[in-house]
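Here's my_file.cif, which has mmCIF, N, CA and C atoms:
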```cif
data_final
loop_
_atom_site.group_PDB
_atom_site.id
_atom_site.type_symbol
_atom_site.label_atom_id
_atom_site.label_comp_id
_atom_site.auth_asym_id
_atom_site.auth_seq_id
_atom_site.Cartn_x
_atom_site.Cartn_y
_atom_site.Cartn_z
ATOM 1 N N MET A 790 88.059 103.302 42.871
ATOM 2 C CA MET A 790 87.302 104.525 42.999
ATOM 3 C C MET A 790 88.036 105.479 43.942
ATOM 4 N N LYS A 791 88.156 106.708 43.543
ATOM 5 C CA LYS A 791 88.869 107.714 44.316
ATOM 6 C C LYS A 791 87.930 108.381 45.335
ATOM 7 N N ASN A 792 88.388 108.468 46.583
ATOM 8 C CA ASN A 792 87.635 109.207 47.593
ATOM 9 C C ASN A 792 87.862 110.694 47.389
ATOM 10 N N GLU A 793 86.814 111.460 47.471
ATOM 11 C CA GLU A 793 86.927 112.898 47.289
ATOM 12 C C GLU A 793 86.300 113.600 48.487
ATOM 13 N N THR A 794 86.990 114.590 48.997
ATOM 14 C CA THR A 794 86.482 115.360 50.122
ATOM 15 C C THR A 794 85.978 116.696 49.622
ATOM 16 N N ILE A 795 84.808 117.091 50.109
ATOM 17 C CA ILE A 795 84.225 118.386 49.774
ATOM 18 C C ILE A 795 83.748 119.017 51.072
ATOM 19 N N ILE A 796 84.000 120.300 51.238
ATOM 20 C CA ILE A 796 83.491 121.026 52.400
ATOM 21 C C ILE A 796 82.140 121.614 52.020
ATOM 22 N N LEU A 797 81.106 121.260 52.786
ATOM 23 C CA LEU A 797 79.761 121.797 52.588
ATOM 24 C C LEU A 797 79.426 122.679 53.784
ATOM 25 N N ILE A 798 79.095 123.940 53.521
ATOM 26 C CA ILE A 798 78.792 124.895 54.585
ATOM 27 C C ILE A 798 77.304 125.236 54.524
ATOM 28 N N PRO A 799 76.526 124.826 55.540
ATOM 29 C CA PRO A 799 75.105 125.162 55.546
ATOM 30 C C PRO A 799 74.892 126.630 55.916
ATOM 31 N N ALA A 800 73.958 127.281 55.229
ATOM 32 C CA ALA A 800 73.687 128.697 55.504
ATOM 33 C C ALA A 800 72.206 128.998 55.285
ATOM 34 N N ARG A 801 71.466 129.119 56.390
ATOM 35 C CA ARG A 801 70.045 129.461 56.321
ATOM 36 C C ARG A 801 69.886 130.948 56.605
ATOM 37 N N LEU A 802 69.102 131.628 55.796
ATOM 38 C CA LEU A 802 68.893 133.058 55.988
ATOM 39 C C LEU A 802 67.999 133.324 57.192
ATOM 40 N N GLU A 803 66.967 132.532 57.368
ATOM 41 C CA GLU A 803 65.982 132.785 58.428
ATOM 42 C C GLU A 803 66.129 131.820 59.598
ATOM 43 N N SER A 804 67.314 131.749 60.180
ATOM 44 C CA SER A 804 67.481 130.909 61.364
ATOM 45 C C SER A 804 66.659 131.508 62.506
ATOM 46 N N SER A 805 66.258 130.690 63.446
ATOM 47 C CA SER A 805 65.372 131.176 64.505
ATOM 48 C C SER A 805 66.096 132.018 65.563
ATOM 49 N N ARG A 806 67.334 131.703 65.871
ATOM 50 C CA ARG A 806 68.053 132.443 66.920
ATOM 51 C C ARG A 806 68.650 133.750 66.424
ATOM 52 N N PHE A 807 69.056 133.813 65.148
ATOM 53 C CA PHE A 807 69.713 135.015 64.619
ATOM 54 C C PHE A 807 69.385 135.127 63.138
ATOM 55 N N PRO A 808 68.163 135.582 62.816
ATOM 56 C CA PRO A 808 67.796 135.712 61.398
ATOM 57 C C PRO A 808 68.793 136.604 60.651
ATOM 58 N N GLY A 809 69.215 136.152 59.485
ATOM 59 C CA GLY A 809 70.154 136.922 58.675
ATOM 60 C C GLY A 809 71.606 136.772 59.082
ATOM 61 N N LYS A 810 71.895 135.854 60.017
ATOM 62 C CA LYS A 810 73.256 135.693 60.534
ATOM 63 C C LYS A 810 74.275 135.466 59.423
ATOM 64 N N ALA A 811 73.928 134.671 58.427
ATOM 65 C CA ALA A 811 74.882 134.348 57.357
ATOM 66 C C ALA A 811 75.367 135.594 56.624
ATOM 67 N N LEU A 812 74.531 136.629 56.584
ATOM 68 C CA LEU A 812 74.903 137.852 55.872
ATOM 69 C C LEU A 812 75.347 138.969 56.809
ATOM 70 N N ALA A 813 75.368 138.691 58.103
ATOM 71 C CA ALA A 813 75.824 139.702 59.066
ATOM 72 C C ALA A 813 77.292 140.035 58.791
ATOM 73 N N PRO A 814 77.633 141.319 58.773
ATOM 74 C CA PRO A 814 79.018 141.688 58.469
ATOM 75 C C PRO A 814 79.979 141.375 59.613
ATOM 76 N N VAL A 815 81.115 140.818 59.231
ATOM 77 C CA VAL A 815 82.234 140.592 60.148
ATOM 78 C C VAL A 815 83.412 141.326 59.532
ATOM 79 N N LYS A 816 83.779 142.439 60.148
ATOM 80 C CA LYS A 816 84.829 143.311 59.601
ATOM 81 C C LYS A 816 84.525 143.681 58.152
ATOM 82 N N GLY A 817 83.234 143.962 57.879
ATOM 83 C CA GLY A 817 82.825 144.454 56.570
ATOM 84 C C GLY A 817 82.528 143.398 55.525
ATOM 85 N N ILE A 818 82.686 142.120 55.852
ATOM 86 C CA ILE A 818 82.439 141.038 54.890
ATOM 87 C C ILE A 818 81.371 140.125 55.487
ATOM 88 N N PRO A 819 80.373 139.703 54.673
ATOM 89 C CA PRO A 819 79.353 138.800 55.209
ATOM 90 C C PRO A 819 79.968 137.553 55.842
ATOM 91 N N MET A 820 79.402 137.139 56.982
ATOM 92 C CA MET A 820 79.937 136.002 57.731
ATOM 93 C C MET A 820 80.112 134.756 56.860
ATOM 94 N N ILE A 821 79.144 134.450 56.011
ATOM 95 C CA ILE A 821 79.228 133.244 55.184
ATOM 96 C C ILE A 821 80.400 133.321 54.205
ATOM 97 N N ILE A 822 80.706 134.505 53.733
ATOM 98 C CA ILE A 822 81.844 134.680 52.805
ATOM 99 C C ILE A 822 83.148 134.457 53.563
ATOM 100 N N ARG A 823 83.244 135.042 54.747
ATOM 101 C CA ARG A 823 84.449 134.872 55.560
ATOM 102 C C ARG A 823 84.676 133.388 55.881
ATOM 103 N N CYS A 824 83.607 132.693 56.227
ATOM 104 C CA CYS A 824 83.678 131.264 56.538
ATOM 105 C C CYS A 824 84.125 130.467 55.307
ATOM 106 N N ALA A 825 83.529 130.746 54.160
ATOM 107 C CA ALA A 825 83.871 130.023 52.931
ATOM 108 C C ALA A 825 85.311 130.319 52.495
ATOM 109 N N GLN A 826 85.738 131.571 52.621
ATOM 110 C CA GLN A 826 87.118 131.911 52.248
ATOM 111 C C GLN A 826 88.108 131.162 53.133
ATOM 112 N N ASN A 827 87.806 131.056 54.424
ATOM 113 C CA ASN A 827 88.684 130.291 55.326
ATOM 114 C C ASN A 827 88.725 128.821 54.925
ATOM 115 N N ALA A 828 87.572 128.265 54.580
ATOM 116 C CA ALA A 828 87.516 126.856 54.169
ATOM 117 C C ALA A 828 88.297 126.634 52.876
ATOM 118 N N LYS A 829 88.205 127.570 51.930
ATOM 119 C CA LYS A 829 88.907 127.426 50.651
ATOM 120 C C LYS A 829 90.423 127.425 50.811
ATOM 121 N N ARG A 830 90.910 128.000 51.884
ATOM 122 C CA ARG A 830 92.363 128.013 52.137
ATOM 123 C C ARG A 830 92.924 126.611 52.326
ATOM 124 N N THR A 831 92.067 125.633 52.574
ATOM 125 C CA THR A 831 92.506 124.255 52.734
ATOM 126 C C THR A 831 92.783 123.583 51.388
ATOM 127 N N ASN A 832 92.414 124.261 50.300
ATOM 128 C CA ASN A 832 92.513 123.716 48.943
ATOM 129 C C ASN A 832 91.585 122.522 48.725
ATOM 130 N N ILE A 833 90.539 122.460 49.531
ATOM 131 C CA ILE A 833 89.491 121.455 49.352
ATOM 132 C C ILE A 833 88.292 122.177 48.751
ATOM 133 N N GLU A 834 87.640 121.540 47.770
ATOM 134 C CA GLU A 834 86.470 122.155 47.164
ATOM 135 C C GLU A 834 85.466 122.547 48.250
ATOM 136 N N THR A 835 84.988 123.786 48.173
ATOM 137 C CA THR A 835 84.089 124.332 49.186
ATOM 138 C C THR A 835 82.801 124.793 48.523
ATOM 139 N N VAL A 836 81.668 124.389 49.116
ATOM 140 C CA VAL A 836 80.360 124.751 48.565
ATOM 141 C C VAL A 836 79.459 125.215 49.708
ATOM 142 N N VAL A 837 78.794 126.358 49.507
ATOM 143 C CA VAL A 837 77.797 126.828 50.461
ATOM 144 C C VAL A 837 76.455 126.230 50.062
ATOM 145 N N CYS A 838 75.770 125.613 51.023
ATOM 146 C CA CYS A 838 74.449 125.015 50.808
ATOM 147 C C CYS A 838 73.425 125.927 51.475
ATOM 148 N N THR A 839 72.507 126.481 50.696
ATOM 149 C CA THR A 839 71.590 127.468 51.243
ATOM 150 C C THR A 839 70.162 127.268 50.753
ATOM 151 N N ASP A 840 69.240 127.909 51.462
ATOM 152 C CA ASP A 840 67.842 127.917 51.061
ATOM 153 C C ASP A 840 67.452 129.293 50.519
ATOM 154 N N SER A 841 68.443 130.153 50.302
ATOM 155 C CA SER A 841 68.180 131.555 50.002
ATOM 156 C C SER A 841 68.839 132.021 48.705
ATOM 157 N N GLU A 842 68.045 132.613 47.842
ATOM 158 C CA GLU A 842 68.594 133.216 46.620
ATOM 159 C C GLU A 842 69.503 134.401 46.976
ATOM 160 N N LEU A 843 69.183 135.115 48.057
ATOM 161 C CA LEU A 843 69.998 136.257 48.477
ATOM 162 C C LEU A 843 71.401 135.802 48.865
ATOM 163 N N ILE A 844 71.498 134.744 49.654
ATOM 164 C CA ILE A 844 72.816 134.209 50.025
ATOM 165 C C ILE A 844 73.536 133.721 48.780
ATOM 166 N N LYS A 845 72.822 133.057 47.888
ATOM 167 C CA LYS A 845 73.432 132.578 46.647
ATOM 168 C C LYS A 845 73.997 133.748 45.836
ATOM 169 N N ASP A 846 73.257 134.846 45.741
ATOM 170 C CA ASP A 846 73.721 136.021 44.995
ATOM 171 C C ASP A 846 74.967 136.632 45.623
ATOM 172 N N VAL A 847 74.980 136.736 46.939
ATOM 173 C CA VAL A 847 76.159 137.291 47.628
ATOM 174 C C VAL A 847 77.366 136.392 47.401
ATOM 175 N N CYS A 848 77.172 135.087 47.515
ATOM 176 C CA CYS A 848 78.283 134.147 47.292
ATOM 177 C C CYS A 848 78.819 134.254 45.870
ATOM 178 N N SER A 849 77.934 134.401 44.908
ATOM 179 C CA SER A 849 78.399 134.471 43.525
ATOM 180 C C SER A 849 79.232 135.728 43.280
ATOM 181 N N LYS A 850 78.936 136.813 43.978
ATOM 182 C CA LYS A 850 79.746 138.039 43.854
ATOM 183 C C LYS A 850 81.179 137.805 44.325
ATOM 184 N N TYR A 851 81.347 136.886 45.277
ATOM 185 C CA TYR A 851 82.671 136.562 45.806
ATOM 186 C C TYR A 851 83.241 135.284 45.191
ATOM 187 N N LYS A 852 82.562 134.789 44.153
ATOM 188 C CA LYS A 852 82.995 133.581 43.433
ATOM 189 C C LYS A 852 83.073 132.352 44.357
ATOM 190 N N ILE A 853 82.063 132.210 45.209
ATOM 191 C CA ILE A 853 81.920 131.048 46.088
ATOM 192 C C ILE A 853 80.844 130.157 45.500
ATOM 193 N N LYS A 854 81.141 128.870 45.310
ATOM 194 C CA LYS A 854 80.153 127.931 44.775
ATOM 195 C C LYS A 854 79.006 127.775 45.763
ATOM 196 N N THR A 855 77.773 127.680 45.215
ATOM 197 C CA THR A 855 76.596 127.469 46.061
ATOM 198 C C THR A 855 75.646 126.461 45.420
ATOM 199 N N ILE A 856 74.857 125.843 46.282
ATOM 200 C CA ILE A 856 73.727 125.040 45.815
ATOM 201 C C ILE A 856 72.539 125.389 46.685
ATOM 202 N N ILE A 857 71.377 125.295 46.086
ATOM 203 C CA ILE A 857 70.130 125.543 46.831
ATOM 204 C C ILE A 857 69.447 124.214 47.038
#
```

Would you mind writing the structure in this file as structure tokens?
Amino acid sequence: MKNETIILIPARLESSRFPGKALAPVKGIPMIIRCAQNAKRTNIETVVCTDSELIKDVCSKYKIKTII
């Protein structure tokens, strides 16, 4: 059996300390997108795990895999 590594990035829209943090712009790009793009540079499959359809929609615009 082959071991497979996957990067899973958790992203909650309504966090208690900074609601909406995942979508906060960092140099014009949502933070979660910037994080996922950096992770994808490793050539390891990267998936954003979220509880939000809004985050899922933003990720899909940037062709980032997501699961709810």

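A straight line drawn from CA of Thr831 in chain A to CA of Tyr851 in chain A is 17.2 Å long.
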
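Those residues of chain A that DSSP, working from the backbone, places in alpha helix (DSSP H) are Met820, Ile821, Ile822, Arg823, Cys824, Ala825, Gln826, Asn827, Ala828, Lys829, Glu842, Leu843, Ile844, Lys845, Asp846, Val847, Cys848, Ser849 and Lys850 of chain A.
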
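Among A:Ala811, A:Ile856, A:Leu797, A:Cys824, the residue with the shortest atom-to-atom distance to Thr839 in chain A, counting all atoms listed in the file, is A:Ile856.
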
Would you list, as a list in words, the residues of chain A that end up in strand (DSSP E or B) under DSSP run on this structure's backbone?
-> Ile795, Ile796, Leu797, Ile798, Pro799, Ala800, Pro814, Val815, Ile818, Pro819, Glu834, Thr835, Val836, Val837, Cys838, Thr839, Lys854, Thr855 and Ile856 of chain A

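Shown here are all protein and nucleic acid residues lying within 8 Å of (68.5, 130.6, 51.0), with all atoms listed in the file considered: Ala800, Arg801, Leu802, Glu803, Cys838, Thr839, Asp840, Ser841, Glu842, Leu843, Ile844, Lys845, Ile856 and Ile857 of chain A.
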
So how far away is CA of Lys829 in chain A from CA of Lys852 in chain A, in Å?
-> 11.2 Å

Atom N of Val836 in chain A to atom C of Gly809 in chain A measures 18.8 Å

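With only C-alpha atoms as the atoms that count, the minimum distance from Gln826 in chain A to the choices A:Arg806, A:Ile795, A:Ile853, A:Pro814 is reached by A:Ile853.
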
Which one is closest to Thr855 in chain A: A:Pro799, A:Arg830, A:Ser804, A:Glu793? Count only C-alpha atoms.
-> A:Pro799

Rank nothing, just name the residue among A:Ala828, A:Ile833, A:Ile821, A:Ile796 nearest to Asp846 in chain A, using only C-alpha atoms.
-> A:Ile821

Which is closest to Thr794 in chain A among A:Pro819, A:Thr835, A:Lys854, A:Ser849, if we use only C-alpha atoms?
-> A:Thr835

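Comparing the minimum interatomic distances between Ala825 in chain A and each of A:Ile798, A:Lys791, A:Lys850, A:Pro808, counting only C-alpha atoms, we find that A:Ile798 sits nearest.
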
Kindly add all heavy atoms to the incomplete range 846-857 of chain A and provide the output as a PDB file, in the coordinates of the input.
```
ATOM      1  N   ASP A 846      73.257 134.846  45.741  1.00  0.00           N
ATOM      2  CA  ASP A 846      73.721 136.021  44.995  1.00  0.00           C
ATOM      3  C   ASP A 846      74.967 136.632  45.623  1.00  0.00           C
ATOM      4  O   ASP A 846      75.909 136.998  44.916  1.00  0.00           O
ATOM      5  CB  ASP A 846      72.615 137.068  44.908  1.00  0.00           C
ATOM      6  CG  ASP A 846      71.446 136.643  44.041  1.00  0.00           C
ATOM      7  OD1 ASP A 846      71.594 135.675  43.260  1.00  0.00           O
ATOM      8  OD2 ASP A 846      70.374 137.269  44.144  1.00  0.00           O
ATOM      9  N   VAL A 847      74.980 136.736  46.939  1.00  0.00           N
ATOM     10  CA  VAL A 847      76.159 137.291  47.628  1.00  0.00           C
ATOM     11  C   VAL A 847      77.366 136.392  47.401  1.00  0.00           C
ATOM     12  O   VAL A 847      78.468 136.871  47.098  1.00  0.00           O
ATOM     13  CB  VAL A 847      75.875 137.483  49.137  1.00  0.00           C
ATOM     14  CG1 VAL A 847      77.150 137.813  49.895  1.00  0.00           C
ATOM     15  CG2 VAL A 847      74.831 138.566  49.349  1.00  0.00           C
ATOM     16  N   CYS A 848      77.172 135.087  47.515  1.00  0.00           N
ATOM     17  CA  CYS A 848      78.283 134.147  47.292  1.00  0.00           C
ATOM     18  C   CYS A 848      78.819 134.254  45.870  1.00  0.00           C
ATOM     19  O   CYS A 848      80.027 134.209  45.665  1.00  0.00           O
ATOM     20  CB  CYS A 848      77.835 132.726  47.597  1.00  0.00           C
ATOM     21  SG  CYS A 848      77.643 132.379  49.348  1.00  0.00           S
ATOM     22  N   SER A 849      77.934 134.401  44.908  1.00  0.00           N
ATOM     23  CA  SER A 849      78.399 134.471  43.525  1.00  0.00           C
ATOM     24  C   SER A 849      79.232 135.728  43.280  1.00  0.00           C
ATOM     25  O   SER A 849      80.170 135.707  42.494  1.00  0.00           O
ATOM     26  CB  SER A 849      77.230 134.375  42.536  1.00  0.00           C
ATOM     27  OG  SER A 849      76.443 135.527  42.575  1.00  0.00           O
ATOM     28  N   LYS A 850      78.936 136.813  43.978  1.00  0.00           N
ATOM     29  CA  LYS A 850      79.746 138.039  43.854  1.00  0.00           C
ATOM     30  C   LYS A 850      81.179 137.805  44.325  1.00  0.00           C
ATOM     31  O   LYS A 850      82.110 138.450  43.852  1.00  0.00           O
ATOM     32  CB  LYS A 850      79.125 139.182  44.661  1.00  0.00           C
ATOM     33  CG  LYS A 850      77.866 139.733  44.055  1.00  0.00           C
ATOM     34  CD  LYS A 850      77.286 140.828  44.896  1.00  0.00           C
ATOM     35  CE  LYS A 850      75.950 141.254  44.349  1.00  0.00           C
ATOM     36  NZ  LYS A 850      75.276 142.238  45.210  1.00  0.00           N
ATOM     37  N   TYR A 851      81.347 136.886  45.277  1.00  0.00           N
ATOM     38  CA  TYR A 851      82.671 136.562  45.806  1.00  0.00           C
ATOM     39  C   TYR A 851      83.241 135.284  45.191  1.00  0.00           C
ATOM     40  O   TYR A 851      84.241 134.764  45.661  1.00  0.00           O
ATOM     41  CB  TYR A 851      82.604 136.406  47.331  1.00  0.00           C
ATOM     42  CG  TYR A 851      82.453 137.712  48.079  1.00  0.00           C
ATOM     43  CD1 TYR A 851      81.193 138.263  48.307  1.00  0.00           C
ATOM     44  CD2 TYR A 851      83.567 138.390  48.553  1.00  0.00           C
ATOM     45  CE1 TYR A 851      81.043 139.457  49.007  1.00  0.00           C
ATOM     46  CE2 TYR A 851      83.429 139.573  49.254  1.00  0.00           C
ATOM     47  CZ  TYR A 851      82.161 140.103  49.463  1.00  0.00           C
ATOM     48  OH  TYR A 851      82.028 141.286  50.159  1.00  0.00           O
ATOM     49  N   LYS A 852      82.562 134.789  44.153  1.00  0.00           N
ATOM     50  CA  LYS A 852      82.995 133.581  43.433  1.00  0.00           C
ATOM     51  C   LYS A 852      83.073 132.352  44.357  1.00  0.00           C
ATOM     52  O   LYS A 852      83.996 131.546  44.271  1.00  0.00           O
ATOM     53  CB  LYS A 852      84.307 133.818  42.704  1.00  0.00           C
ATOM     54  CG  LYS A 852      84.195 134.906  41.642  1.00  0.00           C
ATOM     55  CD  LYS A 852      85.427 135.062  40.857  1.00  0.00           C
ATOM     56  CE  LYS A 852      85.385 136.073  39.746  1.00  0.00           C
ATOM     57  NZ  LYS A 852      84.335 137.008  39.621  1.00  0.00           N
ATOM     58  N   ILE A 853      82.063 132.210  45.209  1.00  0.00           N
ATOM     59  CA  ILE A 853      81.920 131.048  46.088  1.00  0.00           C
ATOM     60  C   ILE A 853      80.844 130.157  45.500  1.00  0.00           C
ATOM     61  O   ILE A 853      79.746 130.616  45.207  1.00  0.00           O
ATOM     62  CB  ILE A 853      81.504 131.470  47.515  1.00  0.00           C
ATOM     63  CG1 ILE A 853      82.488 132.499  48.126  1.00  0.00           C
ATOM     64  CG2 ILE A 853      81.330 130.260  48.410  1.00  0.00           C
ATOM     65  CD1 ILE A 853      83.852 131.987  48.432  1.00  0.00           C
ATOM     66  N   LYS A 854      81.141 128.870  45.310  1.00  0.00           N
ATOM     67  CA  LYS A 854      80.153 127.931  44.775  1.00  0.00           C
ATOM     68  C   LYS A 854      79.006 127.775  45.763  1.00  0.00           C
ATOM     69  O   LYS A 854      79.211 127.705  46.972  1.00  0.00           O
ATOM     70  CB  LYS A 854      80.772 126.556  44.537  1.00  0.00           C
ATOM     71  CG  LYS A 854      81.749 126.506  43.417  1.00  0.00           C
ATOM     72  CD  LYS A 854      82.257 125.086  43.248  1.00  0.00           C
ATOM     73  CE  LYS A 854      83.290 124.997  42.167  1.00  0.00           C
ATOM     74  NZ  LYS A 854      83.762 123.614  41.984  1.00  0.00           N
ATOM     75  N   THR A 855      77.773 127.680  45.215  1.00  0.00           N
ATOM     76  CA  THR A 855      76.596 127.469  46.061  1.00  0.00           C
ATOM     77  C   THR A 855      75.646 126.461  45.420  1.00  0.00           C
ATOM     78  O   THR A 855      75.656 126.278  44.194  1.00  0.00           O
ATOM     79  CB  THR A 855      75.801 128.762  46.287  1.00  0.00           C
ATOM     80  OG1 THR A 855      75.362 129.268  45.028  1.00  0.00           O
ATOM     81  CG2 THR A 855      76.600 129.813  46.993  1.00  0.00           C
ATOM     82  N   ILE A 856      74.857 125.843  46.282  1.00  0.00           N
ATOM     83  CA  ILE A 856      73.727 125.040  45.815  1.00  0.00           C
ATOM     84  C   ILE A 856      72.539 125.389  46.685  1.00  0.00           C
ATOM     85  O   ILE A 856      72.686 125.768  47.836  1.00  0.00           O
ATOM     86  CB  ILE A 856      73.999 123.505  45.862  1.00  0.00           C
ATOM     87  CG1 ILE A 856      74.360 123.049  47.277  1.00  0.00           C
ATOM     88  CG2 ILE A 856      75.076 123.107  44.880  1.00  0.00           C
ATOM     89  CD1 ILE A 856      74.438 121.545  47.419  1.00  0.00           C
ATOM     90  N   ILE A 857      71.377 125.295  46.086  1.00  0.00           N
ATOM     91  CA  ILE A 857      70.130 125.543  46.831  1.00  0.00           C
ATOM     92  C   ILE A 857      69.447 124.214  47.038  1.00  0.00           C
ATOM     93  O   ILE A 857      69.357 123.399  46.187  1.00  0.00           O
ATOM     94  CB  ILE A 857      69.224 126.536  46.081  1.00  0.00           C
ATOM     95  CG1 ILE A 857      69.865 127.907  46.112  1.00  0.00           C
ATOM     96  CG2 ILE A 857      67.832 126.568  46.703  1.00  0.00           C
ATOM     97  CD1 ILE A 857      69.034 129.030  45.605  1.00  0.00           C
TER      98      ILE A 857
END
```
